[in-house]
Structure formats: C-alpha cells, structure tokens
>>> print(open('query-v5.cif').read())   # mmCIF, C-alpha atoms
data_data
loop_
_atom_site.group_PDB
_atom_site.id
_atom_site.type_symbol
_atom_site.label_atom_id
_atom_site.label_comp_id
_atom_site.auth_asym_id
_atom_site.auth_seq_id
_atom_site.Cartn_x
_atom_site.Cartn_y
_atom_site.Cartn_z
ATOM 1 C CA GLY A 1 116.295 29.732 35.814
ATOM 2 C CA LEU A 2 115.437 26.712 33.689
ATOM 3 C CA GLY A 3 114.365 28.763 30.682
ATOM 4 C CA GLN A 4 117.496 30.874 30.807
ATOM 5 C CA ALA A 5 119.750 27.818 30.917
ATOM 6 C CA LEU A 6 117.976 26.118 28.022
ATOM 7 C CA ALA A 7 118.208 29.276 25.945
ATOM 8 C CA TYR A 8 121.963 29.059 25.506
ATOM 9 C CA VAL A 9 123.173 25.645 26.753
ATOM 10 C CA VAL A 10 121.585 23.824 23.804
ATOM 11 C CA PRO A 11 123.176 25.951 21.040
ATOM 12 C CA LEU A 12 126.375 26.108 23.073
ATOM 13 C CA THR A 13 126.563 22.307 23.115
ATOM 14 C CA VAL A 14 126.273 22.214 19.331
ATOM 15 C CA VAL A 15 128.939 24.896 18.887
ATOM 16 C CA VAL A 16 131.573 23.184 21.055
ATOM 17 C CA ARG A 17 131.149 20.011 19.020
ATOM 18 C CA TRP A 18 131.967 21.959 15.871
ATOM 19 C CA PHE A 19 134.935 23.792 17.416
ATOM 20 C CA GLU A 20 136.342 21.324 19.943
ATOM 21 C CA GLY A 21 139.731 21.114 18.287
ATOM 22 C CA GLN A 22 140.459 24.809 17.692
ATOM 23 C CA SER A 23 139.172 28.287 18.557
ATOM 24 C CA THR A 24 136.919 26.825 21.244
ATOM 25 C CA GLY A 25 137.090 29.927 23.407
ATOM 26 C CA THR A 26 136.302 32.242 20.509
ATOM 27 C CA ALA A 27 133.349 30.114 19.433
ATOM 28 C CA VAL A 28 131.733 29.961 22.875
ATOM 29 C CA GLY A 29 132.544 33.654 23.340
ATOM 30 C CA ILE A 30 130.509 34.505 20.245
ATOM 31 C CA ILE A 31 127.519 32.533 21.555
ATOM 32 C CA TYR A 32 127.697 34.183 24.953
ATOM 33 C CA ALA A 33 128.213 37.581 23.334
ATOM 34 C CA ALA A 34 124.956 37.178 21.433
ATOM 35 C CA TYR A 35 123.247 36.145 24.659
ATOM 36 C CA GLY A 36 124.585 39.222 26.462
ATOM 37 C CA LEU A 37 123.883 41.569 23.568
ATOM 38 C CA SER A 38 120.181 40.755 23.761
ATOM 39 C CA SER A 39 119.911 42.990 26.827
ATOM 40 C CA ALA A 40 121.141 45.955 24.810
ATOM 41 C CA ILE A 41 118.348 45.325 22.334
ATOM 42 C CA PHE A 42 115.454 44.418 24.595
ATOM 43 C CA SER A 43 116.038 46.470 27.766
ATOM 44 C CA PRO A 44 115.285 49.778 26.004
ATOM 45 C CA ILE A 45 112.240 48.140 24.409
ATOM 46 C CA HIS A 46 110.989 47.060 27.827
ATOM 47 C CA SER A 47 111.486 50.543 29.236
ATOM 48 C CA GLU A 48 109.804 52.155 26.233
ATOM 49 C CA ILE A 49 106.750 49.933 26.598
ATOM 50 C CA ILE A 50 106.385 50.169 30.375
ATOM 51 C CA ASN A 51 107.745 53.611 31.177
ATOM 52 C CA PRO A 52 107.953 55.706 27.974
ATOM 53 C CA HIS A 53 107.942 59.028 29.837
ATOM 54 C CA GLY A 54 110.692 58.120 32.311
ATOM 55 C CA VAL A 55 108.592 58.347 35.453
ATOM 56 C CA ALA A 56 110.894 58.051 38.466
ATOM 57 C CA SER A 57 110.510 55.396 41.143
ATOM 58 C CA LYS A 58 109.522 56.622 44.597
ATOM 59 C CA ARG A 59 109.915 55.697 48.216
ATOM 60 C CA PRO A 60 106.988 53.728 49.630
ATOM 61 C CA PRO A 61 104.436 55.552 51.777
ATOM 62 C CA GLY A 62 105.714 56.008 55.305
ATOM 63 C CA TRP A 63 109.396 55.730 54.333
ATOM 64 C CA GLN A 64 111.774 57.557 56.661
ATOM 65 C CA GLU A 65 115.460 58.381 56.636
ATOM 66 C CA GLY A 66 117.432 55.362 57.759
ATOM 67 C CA ASP A 67 115.048 52.841 56.221
ATOM 68 C CA ASP A 68 116.213 50.362 53.586
ATOM 69 C CA ILE A 69 117.421 52.354 50.564
ATOM 70 C CA SER A 70 116.383 49.540 48.210
ATOM 71 C CA GLU A 71 112.690 50.152 48.921
ATOM 72 C CA ARG A 72 111.718 52.033 45.767
ATOM 73 C CA TYR A 73 108.608 51.439 43.676
ATOM 74 C CA PHE A 74 106.893 52.657 40.553
ATOM 75 C CA LEU A 75 103.605 53.942 41.915
ATOM 76 C CA ASP A 76 102.266 55.694 38.826
ATOM 77 C CA PRO A 77 99.062 53.852 37.715
ATOM 78 C CA LYS A 78 99.851 54.428 34.032
ATOM 79 C CA VAL A 79 103.220 52.705 34.412
ATOM 80 C CA LEU A 80 101.690 49.780 36.289
ATOM 81 C CA ASP A 81 98.915 49.360 33.728
ATOM 82 C CA ARG A 82 101.446 48.924 30.916
ATOM 83 C CA ILE A 83 103.239 45.971 32.546
ATOM 84 C CA PRO A 84 100.772 43.252 31.380
ATOM 85 C CA LEU A 85 101.122 44.539 27.815
ATOM 86 C CA LEU A 86 104.830 43.704 27.824
ATOM 87 C CA PHE A 87 104.375 39.932 28.130
ATOM 88 C CA PRO A 88 102.397 39.130 24.946
ATOM 89 C CA ILE A 89 104.567 41.472 22.874
ATOM 90 C CA MET A 90 107.801 39.868 24.032
ATOM 91 C CA ALA A 91 106.319 36.360 23.779
ATOM 92 C CA VAL A 92 105.704 36.834 20.059
ATOM 93 C CA ILE A 93 109.191 38.253 19.488
ATOM 94 C CA TYR A 94 110.981 35.560 21.502
ATOM 95 C CA PHE A 95 108.989 32.709 19.963
ATOM 96 C CA SER A 96 109.806 33.923 16.450
ATOM 97 C CA LEU A 97 113.523 34.124 17.255
ATOM 98 C CA ILE A 98 113.567 30.681 18.881
ATOM 99 C CA VAL A 99 111.869 29.036 15.896
ATOM 100 C CA CYS A 100 114.366 30.607 13.492
ATOM 101 C CA GLY A 101 117.339 29.682 15.658
ATOM 102 C CA THR A 102 116.428 26.058 16.357
ATOM 103 C CA SER A 103 115.769 25.402 12.693
ATOM 104 C CA LEU A 104 119.450 26.141 11.995
ATOM 105 C CA LEU A 105 120.971 23.913 14.706
ATOM 106 C CA LYS A 106 122.822 20.842 13.424
ATOM 107 C CA ASN A 107 125.414 18.577 15.013
ATOM 108 C CA PRO A 108 128.566 17.712 13.039
ATOM 109 C CA VAL A 109 128.369 14.127 11.856
ATOM 110 C CA THR A 110 132.056 13.444 12.471
ATOM 111 C CA THR A 111 131.795 13.991 16.227
ATOM 112 C CA ALA A 112 128.954 11.559 16.841
ATOM 113 C CA ARG A 113 129.876 8.677 19.167
ATOM 114 C CA GLY A 114 128.493 5.192 18.992
ATOM 115 C CA GLY A 115 128.027 2.686 21.761
ATOM 116 C CA PRO A 116 125.283 2.012 24.269
ATOM 117 C CA GLN A 117 123.913 4.681 26.578
ATOM 118 C CA PRO A 118 125.636 3.277 29.724
ATOM 119 C CA ASP A 119 129.008 4.254 28.236
ATOM 120 C CA ARG A 120 127.947 7.879 28.241
ATOM 121 C CA VAL A 121 126.650 7.669 31.782
ATOM 122 C CA THR A 122 129.916 6.086 32.896
ATOM 123 C CA ALA A 123 131.911 8.865 31.235
ATOM 124 C CA ILE A 124 129.841 11.504 33.037
ATOM 125 C CA LEU A 125 130.164 9.793 36.408
ATOM 126 C CA THR A 126 133.904 9.393 35.895
ATOM 127 C CA ALA A 127 134.246 13.091 35.151
ATOM 128 C CA VAL A 128 132.173 14.063 38.202
ATOM 129 C CA CYS A 129 134.511 12.067 40.415
ATOM 130 C CA THR A 130 137.586 14.050 39.339
ATOM 131 C CA PRO A 131 139.008 16.963 41.371
ATOM 132 C CA HIS A 132 138.915 19.109 38.221
ATOM 133 C CA PHE A 133 135.123 18.925 38.100
ATOM 134 C CA TRP A 134 134.689 20.023 41.702
ATOM 135 C CA LEU A 135 137.263 22.783 41.382
ATOM 136 C CA LEU A 136 135.314 24.143 38.409
ATOM 137 C CA TRP A 137 132.081 23.790 40.408
ATOM 138 C CA LEU A 138 133.499 25.816 43.298
ATOM 139 C CA MET A 139 134.932 28.449 40.954
ATOM 140 C CA PHE A 140 131.543 28.814 39.314
ATOM 141 C CA LEU A 141 129.915 29.216 42.734
ATOM 142 C CA ALA A 142 132.314 32.013 43.725
ATOM 143 C CA ASN A 143 132.401 33.848 40.408
ATOM 144 C CA VAL A 144 128.660 33.869 39.806
ATOM 145 C CA ARG A 145 128.271 35.801 43.074
ATOM 146 C CA LEU A 146 130.048 38.644 41.273
ATOM 147 C CA LEU A 147 127.578 38.453 38.401
ATOM 148 C CA ASP A 148 124.586 38.451 40.717
ATOM 149 C CA PHE A 149 125.983 41.418 42.601
ATOM 150 C CA ILE A 150 126.487 43.512 39.471
ATOM 151 C CA GLN A 151 123.137 42.614 37.940
ATOM 152 C CA GLY A 152 121.212 42.949 41.175
ATOM 153 C CA TYR A 153 122.663 46.129 42.643
ATOM 154 C CA SER A 154 123.922 48.292 39.774
ATOM 155 C CA LYS A 155 120.518 49.910 39.267
ATOM 156 C CA LEU A 156 120.030 50.359 42.999
ATOM 157 C CA PHE A 157 123.372 52.130 43.292
ATOM 158 C CA GLY A 158 122.539 54.286 40.272
ATOM 159 C CA MET A 159 119.207 55.271 41.801
ATOM 160 C CA SER A 160 120.958 56.190 45.056
ATOM 161 C CA LEU A 161 123.082 58.610 42.995
ATOM 162 C CA ASN A 162 119.891 60.154 41.563
ATOM 163 C CA ILE A 163 120.471 58.947 38.006
ATOM 164 C CA PRO A 164 117.082 59.095 36.184
ATOM 165 C CA ASP A 165 115.482 55.780 35.222
ATOM 166 C CA MET A 166 115.591 56.485 31.486
ATOM 167 C CA TYR A 167 119.314 57.296 31.685
ATOM 168 C CA LEU A 168 119.885 54.078 33.606
ATOM 169 C CA ALA A 169 118.075 52.137 30.895
ATOM 170 C CA ASP A 170 120.455 53.592 28.313
ATOM 171 C CA ALA A 171 123.411 52.905 30.613
ATOM 172 C CA PHE A 172 122.405 49.262 30.925
ATOM 173 C CA ALA A 173 122.138 49.008 27.163
ATOM 174 C CA VAL A 174 125.787 50.101 27.016
ATOM 175 C CA ALA A 175 126.538 47.620 29.822
ATOM 176 C CA ALA A 176 125.016 44.847 27.718
ATOM 177 C CA ILE A 177 127.382 45.752 24.880
ATOM 178 C CA CYS A 178 130.254 45.621 27.380
ATOM 179 C CA THR A 179 129.006 42.214 28.529
ATOM 180 C CA ALA A 180 128.992 40.877 24.982
ATOM 181 C CA THR A 181 132.445 42.333 24.348
ATOM 182 C CA GLY A 182 133.827 40.826 27.554
ATOM 183 C CA ARG A 183 132.512 37.353 26.785
ATOM 184 C CA LEU A 184 134.056 37.370 23.336
ATOM 185 C CA THR A 185 137.311 38.921 24.552
ATOM 186 C CA PHE A 186 137.883 36.417 27.349
ATOM 187 C CA GLY A 187 136.942 33.536 25.067
ATOM 188 C CA MET A 188 139.578 34.661 22.580
ATOM 189 C CA LEU A 189 142.053 35.244 25.419
ATOM 190 C CA ALA A 190 141.557 31.665 26.642
ATOM 191 C CA ASP A 191 142.493 30.377 23.186
ATOM 192 C CA GLN A 192 145.751 32.324 23.409
ATOM 193 C CA VAL A 193 146.915 31.998 27.029
ATOM 194 C CA GLY A 194 144.831 29.142 28.440
ATOM 195 C CA PHE A 195 142.110 28.889 31.059
ATOM 196 C CA GLN A 196 144.115 29.505 34.212
ATOM 197 C CA ARG A 197 145.820 32.721 33.148
ATOM 198 C CA ALA A 198 142.663 34.170 31.629
ATOM 199 C CA MET A 199 140.570 33.364 34.715
ATOM 200 C CA MET A 200 143.237 34.719 37.046
ATOM 201 C CA GLY A 201 143.196 38.002 35.159
ATOM 202 C CA LEU A 202 139.406 38.106 35.378
ATOM 203 C CA VAL A 203 139.149 37.652 39.140
ATOM 204 C CA LEU A 204 142.006 40.080 39.829
ATOM 205 C CA ALA A 205 140.368 42.777 37.697
ATOM 206 C CA ALA A 206 136.947 42.101 39.210
ATOM 207 C CA GLY A 207 138.311 42.357 42.734
ATOM 208 C CA LEU A 208 140.045 45.653 41.966
ATOM 209 C CA LEU A 209 136.949 47.155 40.357
ATOM 210 C CA THR A 210 134.488 46.096 43.066
ATOM 211 C CA GLY A 211 136.832 47.194 45.831
ATOM 212 C CA THR A 212 137.214 50.701 44.400
ATOM 213 C CA TRP A 213 133.632 51.209 43.124
ATOM 214 C CA PRO A 214 132.341 52.967 46.279
ATOM 215 C CA LEU A 215 135.303 55.358 46.217
ATOM 216 C CA VAL A 216 135.068 56.391 42.567
ATOM 217 C CA SER A 217 131.270 56.661 42.688
ATOM 218 C CA GLY A 218 131.737 59.483 45.179
ATOM 219 C CA TRP A 219 133.543 61.426 42.443
ATOM 220 C CA GLY A 220 130.390 61.670 40.334
ATOM 221 C CA GLN A 221 127.886 59.798 38.197
ATOM 222 C CA GLY A 222 130.320 59.517 35.290
ATOM 223 C CA PHE A 223 132.855 57.543 37.311
ATOM 224 C CA PHE A 224 130.088 55.292 38.642
ATOM 225 C CA LEU A 225 129.003 54.436 35.090
ATOM 226 C CA ILE A 226 132.564 53.836 33.858
ATOM 227 C CA TRP A 227 133.189 51.374 36.689
ATOM 228 C CA MET A 228 129.818 49.703 36.104
ATOM 229 C CA TRP A 229 130.588 49.201 32.421
ATOM 230 C CA ALA A 230 134.074 47.907 33.229
ATOM 231 C CA LEU A 231 132.649 45.414 35.705
ATOM 232 C CA HIS A 232 130.164 44.123 33.155
ATOM 233 C CA LEU A 233 132.967 43.722 30.623
ATOM 234 C CA VAL A 234 135.258 41.833 32.999
ATOM 235 C CA VAL A 235 132.895 39.615 34.983
ATOM 236 C CA ALA A 236 130.965 38.561 31.878
ATOM 237 C CA GLY A 237 133.969 36.526 30.731
ATOM 238 C CA ASN A 238 133.282 33.942 33.452
ATOM 239 C CA PHE A 239 130.824 31.931 31.366
ATOM 240 C CA SER A 240 133.093 31.803 28.318
ATOM 241 C CA LEU A 241 136.049 30.674 30.415
ATOM 242 C CA MET A 242 134.091 28.028 32.316
ATOM 243 C CA SER A 243 132.724 26.564 29.089
ATOM 244 C CA PHE A 244 136.220 26.573 27.607
ATOM 245 C CA ALA A 245 137.557 24.727 30.664
ATOM 246 C CA VAL A 246 134.850 22.064 30.510
ATOM 247 C CA VAL A 247 135.527 21.344 26.827
ATOM 248 C CA LYS A 248 139.312 21.276 27.195
ATOM 249 C CA THR A 249 139.187 19.153 30.353
ATOM 250 C CA PHE A 250 136.408 16.648 29.600
ATOM 251 C CA GLY A 251 135.815 16.914 25.846
ATOM 252 C CA ALA A 252 132.830 18.107 23.827
ATOM 253 C CA ALA A 253 130.919 14.813 23.793
ATOM 254 C CA GLN A 254 129.626 15.191 27.369
ATOM 255 C CA PHE A 255 129.746 18.975 27.517
ATOM 256 C CA GLY A 256 125.996 19.503 27.944
ATOM 257 C CA PRO A 257 125.454 17.289 31.002
ATOM 258 C CA LEU A 258 128.727 18.257 32.674
ATOM 259 C CA TYR A 259 128.265 21.985 32.174
ATOM 260 C CA GLY A 260 124.709 21.617 33.442
ATOM 261 C CA LEU A 261 125.996 19.914 36.588
ATOM 262 C CA ILE A 262 128.568 22.649 37.142
ATOM 263 C CA TYR A 263 125.809 25.210 36.604
ATOM 264 C CA THR A 264 124.014 23.778 39.657
ATOM 265 C CA ALA A 265 126.552 25.688 41.762
ATOM 266 C CA GLN A 266 124.163 28.598 41.283
ATOM 267 C CA ILE A 267 121.679 26.984 43.686
ATOM 268 C CA PRO A 268 123.735 27.012 46.909
ATOM 269 C CA GLY A 269 125.604 30.077 45.669
ATOM 270 C CA THR A 270 122.425 32.094 45.306
ATOM 271 C CA LEU A 271 121.116 31.045 48.716
ATOM 272 C CA LEU A 272 124.435 31.725 50.416
ATOM 273 C CA GLY A 273 125.018 34.957 48.545
ATOM 274 C CA ALA A 274 121.535 36.283 49.278
ATOM 275 C CA GLU A 275 121.869 35.588 52.994
ATOM 276 C CA LEU A 276 125.302 37.187 53.204
ATOM 277 C CA ALA A 277 124.184 40.181 51.151
ATOM 278 C CA LEU A 278 121.149 40.747 53.366
ATOM 279 C CA THR A 279 123.245 40.519 56.524
ATOM 280 C CA VAL A 280 125.962 42.857 55.246
ATOM 281 C CA ALA A 281 123.569 45.366 53.676
ATOM 282 C CA THR A 282 121.453 45.543 56.823
ATOM 283 C CA ALA A 283 124.452 46.029 59.086
ATOM 284 C CA ARG A 284 126.682 48.244 56.963
ATOM 285 C CA GLY A 285 124.674 49.532 54.013
ATOM 286 C CA GLU A 286 124.327 48.508 50.387
ATOM 287 C CA TRP A 287 127.650 49.935 49.190
ATOM 288 C CA THR A 288 129.450 47.597 51.591
ATOM 289 C CA LEU A 289 128.363 44.767 49.282
ATOM 290 C CA CYS A 290 131.151 45.892 46.959
ATOM 291 C CA TYR A 291 133.679 44.710 49.518
ATOM 292 C CA LEU A 292 131.800 41.437 49.954
ATOM 293 C CA SER A 293 132.145 40.922 46.194
ATOM 294 C CA THR A 294 135.851 41.647 46.472
ATOM 295 C CA GLY A 295 135.959 38.833 49.019
ATOM 296 C CA TRP A 296 134.364 36.472 46.495
ATOM 297 C CA SER A 297 137.098 37.510 44.048
ATOM 298 C CA VAL A 298 139.716 36.490 46.596
ATOM 299 C CA VAL A 299 138.031 33.091 46.919
ATOM 300 C CA GLY A 300 138.010 32.742 43.139
ATOM 301 C CA LEU A 301 141.678 33.673 42.967
ATOM 302 C CA ALA A 302 142.576 31.030 45.539
ATOM 303 C CA LEU A 303 140.650 28.377 43.608
ATOM 304 C CA ILE A 304 142.114 29.193 40.193
ATOM 305 C CA SER A 305 145.595 29.157 41.742
ATOM 306 C CA MET A 306 145.035 25.465 42.520
ATOM 307 C CA TRP A 307 144.094 24.598 38.929
ATOM 308 C CA ARG A 308 146.346 22.244 37.001
ATOM 309 C CA GLU A 309 145.848 21.321 33.364
ATOM 310 C CA PRO A 310 144.977 17.584 33.262
ATOM 311 C CA PHE A 311 147.248 16.928 30.277
ATOM 312 C CA GLY A 312 149.547 19.897 30.089
ATOM 313 C CA LYS A 313 148.293 21.852 27.073
ATOM 314 C CA GLY A 314 144.882 20.329 26.635
ATOM 315 C CA GLU A 315 145.684 18.123 23.637
ATOM 316 C CA LYS A 316 143.758 15.335 25.371
ATOM 317 C CA THR A 317 140.769 15.266 27.619
ATOM 318 C CA LEU A 318 139.781 13.212 30.615
ATOM 319 C CA ASP A 319 137.215 11.252 28.630
ATOM 320 C CA GLY A 320 139.551 10.210 25.828
ATOM 321 C CA PRO A 321 141.738 11.537 22.971
#
>>> encode(input="query-v5.cif", output="structure tokens")
Amino acid sequence: GLGQALAYVVPLTVVVRWFEGQSTGTAVGIIYAAYGLSSAIFSPIHSEIINPHGVASKRPPGWQEGDDISERYFLDPKVLDRIPLLFPIMAVIYFSLIVCGTSLLKNPVTTARGGPQPDRVTAILTAVCTPHFWLLWLMFLANVRLLDFIQGYSKLFGMSLNIPDMYLADAFAVAAICTATGRLTFGMLADQVGFQRAMMGLVLAAGLLTGTWPLVSGWGQGFFLIWMWALHLVVAGNFSLMSFAVVKTFGAAQFGPLYGLIYTAQIPGTLLGAELALTVATARGEWTLCYLSTGWSVVGLALISMWREPFGKGEKTLDGP
C-alpha cells in the first residue's frame, strides 16, 4: 500500500544518492534487510498481544469436508477483544521510530542537480519510453507474484499441516531473518556479478523451490519449514535487485519517481494474480498454487534472458554520465 511504499522508498532514494558510484547493491540490500527484519521483531509482539496463549484457529460453523481449506477463524472472544489494543500500542512504537529515522535523513550535496523542473520531467519521460524501463516493469510484475504467494499462503499451508499458531509465529520470525539475509545477499551479489546473472539465479532458485514445496512438505513439518525459509531468503532479493537495476540503468537522480512507476506493476499484478490464484485453488486445491508460482518464475526467467546492459558494465546511465 501507500504507507508501505513511503516507509522505505524515501530512505532508499537518499541511500542510492550516497552510493550511486559503488556498492549500490550492498547499500540498498542493507535498507531492504532492515525493512524485512522488522517482521522478526514485530510479528512475535503482535502474536503476544493478540494471542498470548496460542489459541488455535478453527473452522467456521457449518464447515464440512471438501469446503475451502482457507476458511479458518479465531473465534475465541478473548483473542478478538485484544485486537483493538494492538493498534494504539504499535502506533506509538512506529511513530517514535519514524521520527528518529527521518531526523537522520540527509541528501549528499555533491549529487544535487540544478536546472529547471521541466528538465527532470523530461528525463523521467525519456526513461519511461525506453525498453529497459518496461522490461523492468514486467519483471517486477512477474516476480512480485512470488512474494505475494509466499506471504499469503505460507501460514495457510502451515495450518493445513497442523502446525500450532504460536510455532508458526516463531517460524515467521525466522523467515523474516531469512528475508533480511536474502535482500542483503542478493544486493551484494549484484555488485559482484551484475543484475542479469543475480536475477537469473533468483528466479531459477525460486522456481525450483516452489515446484518441489508440495512434495517435500509431505515428508514432514520440518521439511515444510526449511523450504519456506529458503523461499523467503531467495525471493526477498527481488527488491534489492530491481533497485540496483534502476540505479545502474537510469542513475540515482530520478530513482524515486522511476522506481515508484515500476512499483505500479503491483496493481495489475495483484489483480491478475488474485484471479488466477482463486481459479487454480478452487479447481485444484491450494497446494497447486505452488506450480502456478513456478510458472511465474518461468515468465521471470524469460524476461531476464532478454535483458541487455544499456552501456555494457553500467559505467554510464541512460540519463547521463
């Protein structure tokens, strides 16, 4: 959503201006790692406030075998009564962190550009008209489907394997650490081998993991969790790599607007992905969504195979030296 985008795009824009020339991938990876690590900190807090005794979710009244497996609810009145308490507590914590963080943001003076505003608009429009922009937009659309799948269905799959809610909360805290590690790792990898190779490795690994997840989950809860953590580690690198590509292709000066425009791929991607997921899950069951995600990996692989560095090794960018 809007709040989520603002939470990290603004500091990310400042960071790429400081590190445009070197270690760009590592720098954006650190920012994204902090963003991902927040789940490891706050998810257990949320669970402790709302459901401290680990009350299990239940099927709705009237549920029968063969009905939608995703229909599970927390029906305990004590759990439901604690939900409103969560919002003011987290509001105070988040507001305090935001005030501290924004007070430390500062743009490097040496990267400031002069000239009238129309020059900036022209640079953005020129970038949008390039094939590189639209290839990145399509890659973002395909790859974010993998993220939505993992975030939206991991808990559902865990519940179907009868993993208790409190254990899942701890498992997702570990997954958040994997997410942070993956974002930093792929950012550093991009600095070493470039965008195309790093992204190709990501989509290949994601496709392999999603395609085999139903099989290994049948071996036990431990294998399910290992695959879930591996998927969080791998797929999380998408944001670091996309940010790296935008900076190396178009420069840091217009990073904010251009990355925001590429981020709009989430809109049609979410609508398309939700419709496909509903159709597949209804016809074949929720675990079949793993194979749908593997299909998105194939699309991502085809797109990254078409990528060509605009100026060879990225010494220049499309908006200037």
>>> closest_residue(input="query-v5.cif", among="A:Ala142, A:Trp307, A:Ile262, A:Trp296", to="Gly207 in chain A", atoms="only C-alpha atoms")
A:Trp296
>>> closest_residue(input="query-v5.cif", among="A:Ala171, A:Val9, A:Leu136, A:Val299", to="Met242 in chain A", atoms="all atoms listed in the file")
A:Leu136
>>> resolve_selection(input="query-v5.cif", expression="the PyMOL selection byres ((chain A and resi 140) around 12)", output="JSON, numbers by chain")
{"A": [133, 134, 135, 136, 137, 138, 139, 141, 142, 143, 144, 145, 146, 147, 148, 199, 203, 235, 237, 238, 239, 240, 241, 242, 243, 245, 246, 259, 260, 261, 262, 263, 264, 265, 266, 267, 268, 269, 270, 296, 297, 299, 300, 301, 303, 304]}
>>> closest_residue(input="query-v5.cif", among="A:Gly101, A:Pro257, A:Pro310, A:Gly211", to="Ser293 in chain A", atoms="all atoms listed in the file")
A:Gly211
>>> closest_residue(input="query-v5.cif", among="A:Asn51, A:Glu309, A:Gln254, A:Trp229", to="Leu85 in chain A", atoms="all atoms listed in the file")
A:Asn51
>>> build_atoms(input="query-v5.cif", residues="range 91-107 of chain A", atoms="N, CA and C atoms", output="compact mmCIF listing (two decimals), in the frame of the given file")
# COMPACT_ATOMS: atom_id res chain seq x y z
N ALA A 91 106.53 37.78 24.08
CA ALA A 91 106.32 36.36 23.78
C ALA A 91 106.35 36.12 22.28
N VAL A 92 105.72 36.98 21.52
CA VAL A 92 105.70 36.83 20.06
C VAL A 92 107.11 37.00 19.49
N ILE A 93 107.83 38.00 19.98
CA ILE A 93 109.19 38.25 19.49
C ILE A 93 110.12 37.08 19.83
N TYR A 94 110.09 36.65 21.08
CA TYR A 94 110.98 35.56 21.50
C TYR A 94 110.65 34.25 20.78
N PHE A 95 109.38 33.95 20.64
CA PHE A 95 108.99 32.71 19.96
C PHE A 95 109.48 32.70 18.52
N SER A 96 109.36 33.83 17.84
CA SER A 96 109.81 33.92 16.45
C SER A 96 111.31 33.70 16.34
N LEU A 97 112.07 34.29 17.26
CA LEU A 97 113.52 34.12 17.26
C LEU A 97 113.92 32.68 17.55
N ILE A 98 113.23 32.06 18.51
CA ILE A 98 113.57 30.68 18.88
C ILE A 98 113.30 29.73 17.73
N VAL A 99 112.19 29.90 17.03
CA VAL A 99 111.87 29.04 15.90
C VAL A 99 112.93 29.16 14.80
N CYS A 100 113.33 30.39 14.52
CA CYS A 100 114.37 30.61 13.49
C CYS A 100 115.70 29.99 13.92
N GLY A 101 116.06 30.18 15.18
CA GLY A 101 117.34 29.68 15.66
C GLY A 101 117.42 28.17 15.69
N THR A 102 116.40 27.52 16.24
CA THR A 102 116.43 26.06 16.36
C THR A 102 116.40 25.37 15.00
N SER A 103 115.81 26.01 14.03
CA SER A 103 115.77 25.40 12.69
C SER A 103 117.15 25.35 12.05
N LEU A 104 118.10 26.10 12.56
CA LEU A 104 119.45 26.14 12.00
C LEU A 104 120.44 25.27 12.76
N LEU A 105 120.05 24.73 13.91
CA LEU A 105 120.97 23.91 14.71
C LEU A 105 121.21 22.55 14.06
N LYS A 106 122.47 22.14 14.01
CA LYS A 106 122.82 20.84 13.42
C LYS A 106 124.14 20.38 14.00
N ASN A 107 124.19 19.15 14.48
CA ASN A 107 125.41 18.58 15.01
C ASN A 107 126.33 18.11 13.88
